[in-house]
>>> print(open('query_13.csv').read())   # CSV, C-alpha atoms
chain,number,residue,atom,x,y,z
A,1,MET,CA,-36.8,-36.1,37.6
A,2,TRP,CA,-39.0,-33.2,36.6
A,3,GLY,CA,-36.4,-30.9,38.2
A,4,GLU,CA,-33.8,-32.4,35.8
A,5,ASP,CA,-36.1,-31.9,32.9
A,6,ARG,CA,-36.7,-28.3,33.8
A,7,ASN,CA,-33.0,-27.7,34.2
A,8,LYS,CA,-32.3,-29.3,30.9
A,9,GLY,CA,-35.0,-27.2,29.3
A,10,SER,CA,-33.6,-24.1,30.9
A,11,ALA,CA,-30.1,-25.0,29.7
A,12,ASN,CA,-31.5,-25.6,26.2
A,13,SER,CA,-33.4,-22.4,26.3
A,14,ARG,CA,-30.2,-20.5,27.3
A,15,GLN,CA,-28.3,-22.3,24.6
A,16,GLY,CA,-31.0,-21.3,22.1
A,17,ASP,CA,-30.8,-17.7,23.2
A,18,ASP,CA,-27.0,-17.7,22.8
A,19,VAL,CA,-27.3,-19.1,19.3
A,20,GLY,CA,-30.0,-16.6,18.5
A,21,ASP,CA,-27.9,-13.8,19.8
A,22,SER,CA,-24.9,-15.1,17.8
A,23,VAL,CA,-27.0,-15.3,14.6
A,24,HIS,CA,-28.5,-11.9,15.3
A,25,GLY,CA,-25.1,-10.4,15.9
A,26,GLY,CA,-23.8,-12.0,12.8
A,27,ASN,CA,-26.7,-10.5,10.8
A,28,ILE,CA,-26.0,-7.1,12.2
A,29,ARG,CA,-22.3,-7.4,11.3
A,30,GLU,CA,-23.2,-8.5,7.9
A,31,ARG,CA,-25.5,-5.5,7.4
A,32,GLU,CA,-22.8,-3.2,8.7
A,33,TYR,CA,-20.3,-4.7,6.3
A,34,ILE,CA,-22.7,-4.3,3.3
A,35,ALA,CA,-23.5,-0.7,4.4
A,36,SER,CA,-19.7,0.1,4.7
A,37,LEU,CA,-19.2,-1.3,1.2
A,38,LYS,CA,-21.7,1.2,-0.2
A,39,ALA,CA,-19.6,3.9,1.4
A,40,ASP,CA,-16.4,2.4,0.1
A,41,TRP,CA,-17.4,2.1,-3.6
A,42,MET,CA,-16.7,5.7,-4.6
A,43,PRO,CA,-13.2,6.0,-3.0
A,44,ALA,CA,-12.4,2.5,-4.3
A,45,ILE,CA,-13.3,3.4,-7.9
A,46,LEU,CA,-11.4,6.6,-7.5
A,47,LEU,CA,-8.3,4.8,-6.2
A,48,GLY,CA,-8.6,2.0,-8.9
A,49,THR,CA,-8.8,4.5,-11.7
A,50,TYR,CA,-5.9,6.5,-10.3
A,51,THR,CA,-3.7,3.5,-10.1
A,52,VAL,CA,-4.6,2.4,-13.6
A,53,THR,CA,-3.5,5.7,-15.1
A,54,THR,CA,-0.4,6.3,-12.9
A,55,ALA,CA,1.1,2.8,-13.0
A,56,ILE,CA,3.7,4.1,-15.4
A,57,THR,CA,5.3,5.9,-12.4
A,58,TYR,CA,6.0,2.7,-10.4
A,59,PHE,CA,8.5,0.6,-12.4
A,60,PHE,CA,8.5,2.0,-16.0
A,61,ILE,CA,9.6,5.5,-15.0
A,62,VAL,CA,13.1,4.4,-14.1
A,63,VAL,CA,13.5,3.2,-17.7
A,64,PHE,CA,12.4,6.7,-18.9
A,65,PHE,CA,15.1,8.3,-16.6
A,66,LYS,CA,17.8,5.9,-17.9
A,67,GLU,CA,17.0,5.5,-21.6
A,68,GLN,CA,15.3,8.7,-22.7
A,69,LEU,CA,16.5,11.4,-20.3
A,70,LYS,CA,19.9,9.8,-20.0
A,71,PHE,CA,20.1,10.4,-16.2
A,72,SER,CA,23.0,8.7,-14.4
A,73,ALA,CA,22.6,6.1,-11.6
A,74,LEU,CA,23.3,8.9,-9.1
A,75,GLN,CA,20.7,11.2,-10.5
A,76,ILE,CA,18.1,8.4,-10.6
A,77,GLY,CA,19.0,7.6,-7.0
A,78,ILE,CA,18.5,11.2,-6.1
A,79,LEU,CA,15.1,11.4,-7.8
A,80,PHE,CA,13.8,8.3,-5.9
A,81,SER,CA,15.3,9.5,-2.7
A,82,VAL,CA,13.6,12.9,-3.2
A,83,GLN,CA,10.4,10.9,-3.8
A,84,ALA,CA,10.8,9.3,-0.4
A,85,VAL,CA,11.8,12.6,1.3
A,86,THR,CA,8.6,14.2,0.0
A,87,GLY,CA,6.7,11.3,1.5
A,88,ILE,CA,8.5,12.0,4.7
A,89,LEU,CA,7.8,15.7,4.5
A,90,ALA,CA,4.1,15.2,3.5
A,91,SER,CA,3.1,12.3,5.7
A,92,PHE,CA,2.5,13.9,9.1
A,93,PRO,CA,1.2,17.4,7.9
A,94,ALA,CA,-1.1,15.7,5.4
A,95,GLY,CA,-2.2,13.3,8.1
A,96,MET,CA,-3.0,16.2,10.5
A,97,GLY,CA,-4.8,17.9,7.6
A,98,ASN,CA,-7.1,14.9,7.3
A,99,ASP,CA,-8.0,15.2,11.0
A,100,ARG,CA,-8.6,19.0,10.8
A,101,PHE,CA,-10.1,19.3,7.3
A,102,SER,CA,-12.2,17.0,5.2
A,103,SER,CA,-10.3,14.2,3.5
A,104,ARG,CA,-12.4,14.9,0.4
A,105,MET,CA,-10.8,18.3,0.1
A,106,MET,CA,-7.3,16.9,0.5
A,107,ILE,CA,-8.0,14.2,-2.1
A,108,ALA,CA,-9.3,16.8,-4.7
A,109,GLY,CA,-6.4,19.1,-4.1
A,110,GLY,CA,-3.8,16.3,-4.5
A,111,LEU,CA,-5.3,15.1,-7.8
A,112,PHE,CA,-5.6,18.6,-9.3
A,113,SER,CA,-2.0,19.4,-8.4
A,114,GLN,CA,-0.8,16.1,-9.9
A,115,ALA,CA,-2.5,16.9,-13.1
A,116,VAL,CA,-0.5,20.1,-13.4
A,117,CYS,CA,2.8,18.3,-12.6
A,118,PHE,CA,2.2,15.6,-15.3
A,119,PHE,CA,1.7,18.2,-18.0
A,120,LEU,CA,5.0,19.9,-16.9
A,121,MET,CA,6.9,16.5,-16.8
A,122,SER,CA,5.9,16.0,-20.5
A,123,VAL,CA,7.9,19.1,-21.6
A,124,VAL,CA,10.8,19.4,-19.2
A,125,THR,CA,14.0,17.4,-20.0
A,126,SER,CA,17.0,18.7,-18.1
A,127,PHE,CA,17.8,17.3,-14.7
A,128,ILE,CA,17.3,20.2,-12.3
A,129,PRO,CA,14.0,21.6,-13.7
A,130,PHE,CA,12.7,18.0,-14.0
A,131,ALA,CA,13.7,17.3,-10.4
A,132,VAL,CA,11.8,20.3,-9.2
A,133,VAL,CA,8.6,19.2,-11.0
A,134,PHE,CA,9.1,15.6,-10.0
A,135,THR,CA,9.5,16.7,-6.4
A,136,ALA,CA,6.2,18.6,-6.6
A,137,TRP,CA,4.4,15.7,-8.2
A,138,SER,CA,5.7,13.3,-5.6
A,139,LEU,CA,4.6,15.6,-2.8
A,140,PHE,CA,1.0,15.8,-4.1
A,141,SER,CA,0.9,12.1,-4.9
A,142,TRP,CA,1.7,11.3,-1.2
A,143,VAL,CA,-1.0,13.7,-0.1
A,144,PHE,CA,-3.6,12.0,-2.3
A,145,ARG,CA,-2.6,8.4,-1.3
A,146,LEU,CA,-2.5,9.2,2.4
A,147,SER,CA,-5.8,11.0,2.2
A,148,ILE,CA,-7.6,8.3,0.3
A,149,ASP,CA,-6.4,5.8,2.9
A,150,VAL,CA,-7.5,8.0,5.8
A,151,TYR,CA,-10.9,8.5,4.2
A,152,PHE,CA,-11.3,4.7,4.0
A,153,LEU,CA,-10.2,4.1,7.6
A,154,LYS,CA,-12.4,6.9,9.0
A,155,THR,CA,-15.4,5.1,7.6
A,156,ASP,CA,-15.4,2.9,10.6
A,157,THR,CA,-17.0,-0.6,10.8
A,158,ARG,CA,-14.6,-2.3,13.2
A,159,ASP,CA,-16.3,-5.8,13.0
A,160,ALA,CA,-15.9,-5.8,9.2
A,161,ILE,CA,-12.5,-4.1,8.9
A,162,GLY,CA,-10.6,-7.1,7.7
A,163,ARG,CA,-13.0,-7.7,4.7
A,164,ARG,CA,-13.2,-4.0,4.0
A,165,ILE,CA,-9.4,-3.8,3.8
A,166,GLY,CA,-9.4,-6.6,1.3
A,167,PHE,CA,-12.1,-5.0,-0.8
A,168,PHE,CA,-10.6,-1.5,-0.8
A,169,GLN,CA,-7.0,-2.6,-1.4
A,170,ALA,CA,-8.0,-5.1,-4.1
A,171,TRP,CA,-9.2,-2.1,-6.1
A,172,ARG,CA,-5.8,-0.5,-5.7
A,173,PHE,CA,-4.0,-3.6,-7.0
A,174,VAL,CA,-6.5,-4.4,-9.8
A,175,GLY,CA,-5.8,-0.9,-10.9
A,176,MET,CA,-2.1,-1.5,-10.8
A,177,ALA,CA,-2.4,-4.8,-12.7
A,178,VAL,CA,-4.5,-3.3,-15.4
A,179,GLY,CA,-2.5,-0.1,-15.4
A,180,THR,CA,0.8,-1.9,-15.7
A,181,VAL,CA,-0.3,-3.8,-18.8
A,182,PHE,CA,-1.9,-0.6,-20.2
A,183,ALA,CA,1.2,1.5,-19.5
A,184,GLY,CA,3.5,-1.1,-21.2
A,185,TYR,CA,1.4,-0.9,-24.4
A,186,LEU,CA,0.8,2.8,-24.1
A,187,ILE,CA,4.5,3.8,-24.0
A,188,THR,CA,5.2,1.2,-26.7
A,189,GLY,CA,2.7,2.7,-29.1
A,190,LEU,CA,3.2,6.4,-28.1
A,191,ASP,CA,5.9,7.6,-25.7
A,192,PHE,CA,6.4,8.7,-22.1
A,193,LYS,CA,5.7,12.4,-22.8
A,194,VAL,CA,2.3,11.8,-24.5
A,195,SER,CA,1.5,9.3,-21.8
A,196,PHE,CA,2.1,11.9,-19.1
A,197,ARG,CA,-0.3,14.3,-20.8
A,198,ILE,CA,-3.0,11.6,-20.9
A,199,ILE,CA,-2.5,10.9,-17.2
A,200,GLY,CA,-2.7,14.6,-16.4
A,201,LEU,CA,-6.1,14.8,-18.0
A,202,VAL,CA,-7.4,11.7,-16.1
A,203,CYS,CA,-6.2,13.2,-12.7
A,204,LEU,CA,-8.0,16.4,-13.6
A,205,GLY,CA,-11.2,14.5,-14.2
A,206,LEU,CA,-10.8,12.5,-11.0
A,207,SER,CA,-10.3,15.7,-8.9
A,208,LEU,CA,-13.8,16.8,-10.1
A,209,LEU,CA,-15.3,13.3,-9.4
A,210,SER,CA,-14.0,13.3,-5.9
A,211,GLY,CA,-16.4,16.1,-5.0
A,212,LEU,CA,-19.2,13.5,-5.1
A,213,MET,CA,-17.8,11.8,-2.0
A,214,PRO,CA,-19.3,12.6,1.5
A,215,VAL,CA,-17.4,14.9,3.8
A,216,THR,CA,-15.5,13.1,6.6
A,217,ALA,CA,-15.7,14.1,10.3
A,218,THR,CA,-13.0,16.6,11.5
A,219,THR,CA,-11.5,17.3,14.9
A,220,LEU,CA,-8.8,19.4,16.5
A,221,VAL,CA,-6.1,17.1,17.7
A,222,ARG,CA,-3.1,18.3,19.7
A,223,LEU,CA,0.5,17.2,18.9
A,224,SER,CA,0.7,15.7,22.4
A,225,ASP,CA,-2.1,13.3,21.5
A,226,TYR,CA,-0.1,11.9,18.6
A,227,ARG,CA,3.0,11.8,20.8
A,228,ALA,CA,1.1,9.8,23.4
A,229,ASP,CA,-0.1,7.3,20.8
A,230,PHE,CA,3.4,6.6,19.7
A,231,ALA,CA,4.7,6.2,23.2
A,232,ASN,CA,2.8,3.0,23.3
A,233,LYS,CA,5.2,0.0,23.2
A,234,ARG,CA,3.1,-1.9,20.7
A,235,VAL,CA,3.0,1.0,18.4
A,236,LEU,CA,6.8,1.6,18.6
A,237,LEU,CA,7.5,-2.1,17.8
A,238,PHE,CA,5.0,-2.2,15.0
A,239,SER,CA,6.6,1.0,13.5
A,240,VAL,CA,10.2,-0.3,13.6
A,241,TRP,CA,9.1,-3.6,12.1
A,242,MET,CA,7.3,-1.9,9.3
A,243,LEU,CA,10.2,0.4,8.7
A,244,LEU,CA,12.6,-2.5,8.1
A,245,PHE,CA,10.1,-4.2,5.9
A,246,ALA,CA,9.8,-1.1,3.8
A,247,THR,CA,13.5,-1.0,2.9
A,248,HIS,CA,12.8,-3.7,0.2
A,249,TRP,CA,10.5,-1.2,-1.6
A,250,GLY,CA,13.7,0.9,-2.3
A,251,ALA,CA,15.3,-2.2,-3.9
A,252,GLU,CA,12.2,-2.7,-6.0
A,253,GLN,CA,11.9,0.9,-7.1
A,254,THR,CA,15.5,1.3,-8.2
A,255,SER,CA,16.3,-2.3,-9.5
A,256,TYR,CA,13.1,-4.2,-10.3
A,257,GLY,CA,12.3,-2.6,-13.6
A,258,LEU,CA,15.9,-2.5,-14.7
A,259,PHE,CA,16.3,-6.2,-13.7
A,260,LEU,CA,13.4,-7.1,-16.0
A,261,ARG,CA,14.7,-5.0,-18.8
A,262,LYS,CA,18.4,-5.8,-18.6
A,263,ALA,CA,18.6,-9.3,-17.0
A,264,LEU,CA,15.4,-10.9,-18.3
A,265,CYS,CA,15.5,-8.9,-21.5
A,266,LEU,CA,11.7,-8.2,-21.5
A,267,SER,CA,10.0,-5.7,-23.8
A,268,PHE,CA,7.9,-2.9,-22.3
A,269,SER,CA,4.7,-5.0,-22.9
A,270,GLY,CA,6.5,-8.0,-21.5
A,271,MET,CA,7.4,-6.1,-18.4
A,272,GLY,CA,3.8,-5.0,-18.0
A,273,LEU,CA,2.5,-8.6,-18.2
A,274,TYR,CA,5.1,-9.8,-15.7
A,275,ILE,CA,4.5,-7.0,-13.1
A,276,SER,CA,0.7,-7.2,-13.5
A,277,ALA,CA,0.7,-11.0,-12.8
A,278,GLU,CA,2.1,-10.2,-9.3
A,279,TYR,CA,-0.6,-7.6,-8.7
A,280,ILE,CA,-3.3,-10.2,-9.6
A,281,MET,CA,-1.8,-12.5,-7.0
A,282,ILE,CA,-1.9,-9.7,-4.4
A,283,VAL,CA,-5.6,-9.1,-5.3
A,284,LEU,CA,-6.3,-12.9,-4.8
A,285,CYS,CA,-4.6,-12.8,-1.5
A,286,LEU,CA,-6.5,-9.8,-0.3
A,287,ILE,CA,-9.8,-11.3,-1.3
A,288,LEU,CA,-9.1,-14.8,0.1
A,289,MET,CA,-7.4,-13.8,3.4
A,290,SER,CA,-9.0,-10.6,4.4
A,291,GLY,CA,-11.8,-12.3,6.4
A,292,SER,CA,-9.3,-14.3,8.5
A,293,ILE,CA,-7.0,-11.6,9.9
A,294,SER,CA,-9.4,-10.6,12.7
A,295,LYS,CA,-9.6,-14.1,14.1
A,296,LYS,CA,-7.7,-15.0,17.3
A,297,GLU,CA,-4.0,-15.6,16.7
A,298,ASN,CA,-4.3,-15.0,12.9
A,299,PHE,CA,-2.6,-11.6,12.9
A,300,ARG,CA,0.7,-13.0,14.0
A,301,ARG,CA,0.5,-16.1,11.8
A,302,ILE,CA,-0.4,-14.1,8.7
A,303,ALA,CA,2.5,-11.7,9.4
A,304,ILE,CA,5.0,-14.6,9.7
A,305,PHE,CA,3.7,-16.4,6.6
A,306,GLY,CA,3.6,-13.1,4.7
A,307,LEU,CA,7.3,-12.3,5.5
A,308,LEU,CA,8.3,-15.9,4.6
A,309,ALA,CA,6.6,-15.8,1.2
A,310,SER,CA,7.7,-12.2,0.5
A,311,GLY,CA,11.3,-12.9,1.3
A,312,LEU,CA,11.7,-16.2,-0.5
A,313,GLY,CA,9.9,-14.8,-3.5
A,314,HIS,CA,12.2,-11.8,-3.7
A,315,MET,CA,15.3,-13.9,-3.5
A,316,GLY,CA,14.1,-16.5,-6.0
A,317,MET,CA,12.9,-14.1,-8.7
A,318,ILE,CA,16.4,-13.5,-9.8
A,319,ILE,CA,16.6,-17.1,-11.1
A,320,LYS,CA,16.3,-17.6,-14.8
A,321,PRO,CA,14.5,-18.5,-17.1
A,322,THR,CA,11.7,-16.0,-17.0
A,323,TYR,CA,8.9,-18.4,-16.0
A,324,VAL,CA,10.9,-19.6,-12.9
A,325,SER,CA,11.5,-15.9,-12.0
A,326,LEU,CA,7.8,-15.2,-12.4
A,327,ILE,CA,6.7,-18.1,-10.2
A,328,PHE,CA,8.9,-16.7,-7.4
A,329,ARG,CA,7.5,-13.2,-8.0
A,330,LEU,CA,4.0,-14.5,-7.6
A,331,ILE,CA,5.0,-16.1,-4.3
A,332,HIS,CA,6.4,-12.7,-3.3
A,333,GLY,CA,3.2,-11.0,-4.3
A,334,PHE,CA,1.1,-13.3,-2.1
A,335,GLY,CA,3.4,-12.5,0.8
A,336,ASP,CA,3.2,-8.7,0.2
A,337,GLY,CA,-0.6,-9.1,0.1
A,338,LEU,CA,-0.6,-10.6,3.5
A,339,ILE,CA,1.6,-7.8,4.9
A,340,ILE,CA,-0.7,-5.2,3.4
A,341,LEU,CA,-3.5,-6.7,5.5
A,342,VAL,CA,-1.2,-6.7,8.5
A,343,GLN,CA,-0.4,-3.0,7.9
A,344,TYR,CA,-3.9,-1.6,7.6
A,345,TYR,CA,-5.4,-3.9,10.2
A,346,GLY,CA,-2.7,-2.9,12.6
A,347,ILE,CA,-3.4,0.8,12.0
A,348,SER,CA,-7.1,0.3,12.5
A,349,ARG,CA,-6.6,-1.5,15.8
A,350,LEU,CA,-3.8,0.6,17.3
A,351,PHE,CA,-5.3,4.1,16.8
A,352,SER,CA,-8.6,5.9,17.6
A,353,ILE,CA,-10.7,7.3,14.7
A,354,GLU,CA,-10.2,10.9,16.0
A,355,HIS,CA,-6.4,10.5,15.6
A,356,LEU,CA,-6.3,8.3,12.5
A,357,GLY,CA,-5.2,11.0,10.1
A,358,GLY,CA,-2.1,12.1,12.0
A,359,ASP,CA,-1.2,8.6,13.3
A,360,THR,CA,-1.6,7.1,9.8
A,361,GLY,CA,0.6,9.9,8.6
A,362,LEU,CA,3.3,9.0,11.1
A,363,ILE,CA,3.2,5.3,10.1
A,364,SER,CA,3.5,6.5,6.5
A,365,LEU,CA,6.5,8.6,7.6
A,366,VAL,CA,8.1,5.5,9.1
A,367,LEU,CA,7.5,3.6,5.9
A,368,MET,CA,9.0,6.4,3.8
A,369,ILE,CA,12.1,6.5,5.9
A,370,GLY,CA,12.5,2.8,5.3
A,371,TYR,CA,11.9,3.2,1.6
A,372,CYS,CA,14.5,6.1,1.5
A,373,ILE,CA,17.1,4.0,3.2
A,374,GLY,CA,16.5,1.1,0.8
A,375,ALA,CA,16.7,3.4,-2.3
A,376,MET,CA,20.0,4.9,-1.2
A,377,ILE,CA,21.6,1.6,-0.4
A,378,TYR,CA,20.3,-0.6,-3.2
A,379,SER,CA,20.6,1.8,-6.2
A,380,PRO,CA,24.4,1.8,-6.2
A,381,ILE,CA,24.5,-1.9,-5.4
A,382,GLY,CA,22.4,-2.6,-8.5
A,383,GLU,CA,24.4,-0.3,-10.7
A,384,THR,CA,27.7,-1.8,-9.6
A,385,PHE,CA,27.1,-5.5,-9.1
A,386,GLY,CA,23.9,-6.2,-11.1
A,387,TYR,CA,20.2,-5.5,-10.5
A,388,GLY,CA,19.5,-8.9,-9.1
A,389,TYR,CA,21.6,-8.4,-6.0
A,390,PRO,CA,19.4,-5.7,-4.3
A,391,LEU,CA,16.4,-8.0,-4.8
A,392,TRP,CA,18.2,-11.0,-3.2
A,393,ILE,CA,19.7,-9.0,-0.3
A,394,SER,CA,16.4,-7.3,0.6
A,395,GLY,CA,14.6,-10.6,0.4
A,396,LEU,CA,17.0,-12.0,3.0
A,397,LEU,CA,16.4,-9.0,5.3
A,398,THR,CA,12.6,-9.7,5.0
A,399,LEU,CA,13.1,-13.2,6.2
A,400,LEU,CA,15.1,-12.0,9.2
A,401,LEU,CA,12.0,-9.9,10.2
A,402,ILE,CA,10.3,-13.1,11.2
A,403,THR,CA,12.5,-13.3,14.3
A,404,PRO,CA,10.9,-10.5,16.4
A,405,LEU,CA,7.5,-12.0,15.8
A,406,LEU,CA,8.7,-15.3,17.3
A,407,ARG,CA,10.3,-13.6,20.3
A,408,LEU,CA,7.5,-11.1,21.0
A,409,ARG,CA,4.5,-13.4,20.7
A,410,PRO,CA,2.3,-11.7,23.4
A,411,LEU,CA,2.7,-8.2,21.7
A,412,ALA,CA,1.9,-9.6,18.3
A,413,ARG,CA,-1.1,-11.5,19.6
A,414,SER,CA,-2.4,-8.4,21.3
A,415,ILE,CA,-3.1,-6.7,18.0
A,416,ARG,CA,-6.5,-8.2,17.1
>>> encode(input="query_13.csv", output="C-alpha cells")
Amino acid sequence: MWGEDRNKGSANSRQGDDVGDSVHGGNIREREYIASLKADWMPAILLGTYTVTTAITYFFIVVFFKEQLKFSALQIGILFSVQAVTGILASFPAGMGNDRFSSRMMIAGGLFSQAVCFFLMSVVTSFIPFAVVFTAWSLFSWVFRLSIDVYFLKTDTRDAIGRRIGFFQAWRFVGMAVGTVFAGYLITGLDFKVSFRIIGLVCLGLSLLSGLMPVTATTLVRLSDYRADFANKRVLLFSVWMLLFATHWGAEQTSYGLFLRKALCLSFSGMGLYISAEYIMIVLCLILMSGSISKKENFRRIAIFGLLASGLGHMGMIIKPTYVSLIFRLIHGFGDGLIILVQYYGISRLFSIEHLGGDTGLISLVLMIGYCIGAMIYSPIGETFGYGYPLWISGLLTLLLITPLLRLRPLARSIR
C-alpha cells in the first residue's frame, strides 16, 4: 500500500516536472518571440512604408500604360514580362549577395536606386526609353524585396517563426491596403508623374533610414551548396508547386486592374477601395492563422484550404454586381494569405540559415518564372476575349494544384 502511494507520488512528481518543463519551455519561447519582434520592428516599418508609397505600381500602373502613355497590349505585356525577367535575373545573384554581404547594404542600395528610377519615369514618355528605366526600376525593386525578406528570415527564432511571419507580412499588406487607397486618391488629385516624384523622395528617405538596422551575419557559400539543397525531393516538389501557383499573379498583373476599370467601371478611388479590402482580408488571415501553421498536420491542411479559397475567389470575382465580385475577391484574399504563410514557413523549414539568401533567391526565381509565364499567356487572352477570362482560368488552375497535396501527403506533412 505504501509502495503504491510512493509510486503514485513519484508519477505525480514526474507529471508535475513535465508540466513545469512545458510551462518553462513555453515561457522561453514566448520571450524569444517577443525578442524577435523587437528585431522585426524596424524592417517591418520599412517594408510597410515602402508598400504604402509604391502601391501605385501594382495594379494602377497598367492603367497609366494604357490610358496615358497609350501603349498597346503587346507593349504592356512586354513591360510586365520584363518585370518578371528582371526578377529572374536578380533573384539568385541578389540572394547570394545577401549571404556574402550584409542585407542592410543590399536594402539601402535597392531603395536609393529605385528613387532615381522613379524620378526618371516621371519625365520619360516614349516606349523604348521608358522600358529601359522601367527595367532598371524593376531590377532594383526585386533586390530590395528579396533582401528585406532575407533580412527577416535570418533573424532566426524557429519556435516562433509562424507568428513572426504573420507579424512581418501583415505590415506588407497593411501598407498595400493603405497605399492602394492613397494611390487611388493621389493620382485622381494629381497625376501619375507627380506621384512618381513623391514616391522617389520617400524611397530616398527610406534608404537613409535603413542604415539604422543591425548588420546581418554573412558567410561564403559555394554554388554546390545551393545545388545540393535543390536536389532534395521535398524542395523540388515545393518549387514546382509554387511555380504553378505563381502563374495566377501574371493574370492579376495584366488583367485585374483593367477588369475593375473596364468591366466593373470603377473610378481610381473605387479601385483603391476594392483592392485594399482584399489586402485587409490578407492581413486578418495572417494575424489569425500564423500561430497555427507550425502545428502537426496544419501545413498541408492550410495549403489545401488556401488553394481552395484562392481559386474559387478568383473565379467568382468576375461575377457582377460589384458587391458580389468583392465578396469573392475577399475569399481569394484569405486564400492567398494562407499560401503566403505556406511559402515563408516552407522556406524557413527547408533551408539552413547559412544558405537562406541564395536559396530564397532560387525560390523567388521559380516564382518569377511562373509569373512570367502567366503574364505572357493571360495578357493577350484578356485583350482578345475580355479581362475576366484570365482571372477565371487562373482560378481553375489554382484549384487543380490541390491534387498533388492529396497524392503526396507524406511529403507535405514532412514540412513542419
>>> atom_distance(input="query_13.csv", atom1="CA of Phe385 (chain A)", atom2="CA of Gly333 (chain A)")
25.0 Å
>>> atom_distance(input="query_13.csv", atom1="CA of Ile331 (chain A)", atom2="CA of Phe173 (chain A)")
15.6 Å
>>> residues_around(input="query_13.csv", residues="Tyr151 (chain A)", least_positions_apart="4", cutoff="7 Å", atoms="all atoms listed in the file", output="list in words")
Ser103, Ser147, Thr155 and Thr216 of chain A
>>> atom_distance(input="query_13.csv", atom1="CA of Val194 (chain A)", atom2="CA of Thr53 (chain A)")
12.6 Å
>>> closest_residue(input="query_13.csv", among="A:Tyr387, A:Phe92, A:Tyr58, A:Tyr185", to="Ser267 (chain A)", atoms="all atoms listed in the file")
A:Tyr185
>>> closest_atom_pairs(input="query_13.csv", of="region 164-210 of chain A", to="region 281-291 of chain A", cutoff="7 Å", atoms="all atoms listed in the file", output="tab-separated table")
residue	atom	partner	partner_atom	distance
A:Ile165	CA	A:Ser290	CA	6.8
A:Gly166	CA	A:Leu286	CA	4.6
A:Phe167	CA	A:Ile287	CA	6.7
A:Ala170	CA	A:Val283	CA	4.8
A:Phe173	CA	A:Val283	CA	6.0
A:Val174	CA	A:Val283	CA	6.6
>>> write_last_selection(input="query_13.csv", atoms="C-alpha atoms", output="PDB file, in the frame of the given file")
ATOM      1  CA  ILE A 165      -9.400  -3.800   3.800  1.00  0.00           C
ATOM      2  CA  GLY A 166      -9.400  -6.600   1.300  1.00  0.00           C
ATOM      3  CA  PHE A 167     -12.100  -5.000  -0.800  1.00  0.00           C
ATOM      4  CA  ALA A 170      -8.000  -5.100  -4.100  1.00  0.00           C
ATOM      5  CA  PHE A 173      -4.000  -3.600  -7.000  1.00  0.00           C
ATOM      6  CA  VAL A 174      -6.500  -4.400  -9.800  1.00  0.00           C
TER       7      VAL A 174
END
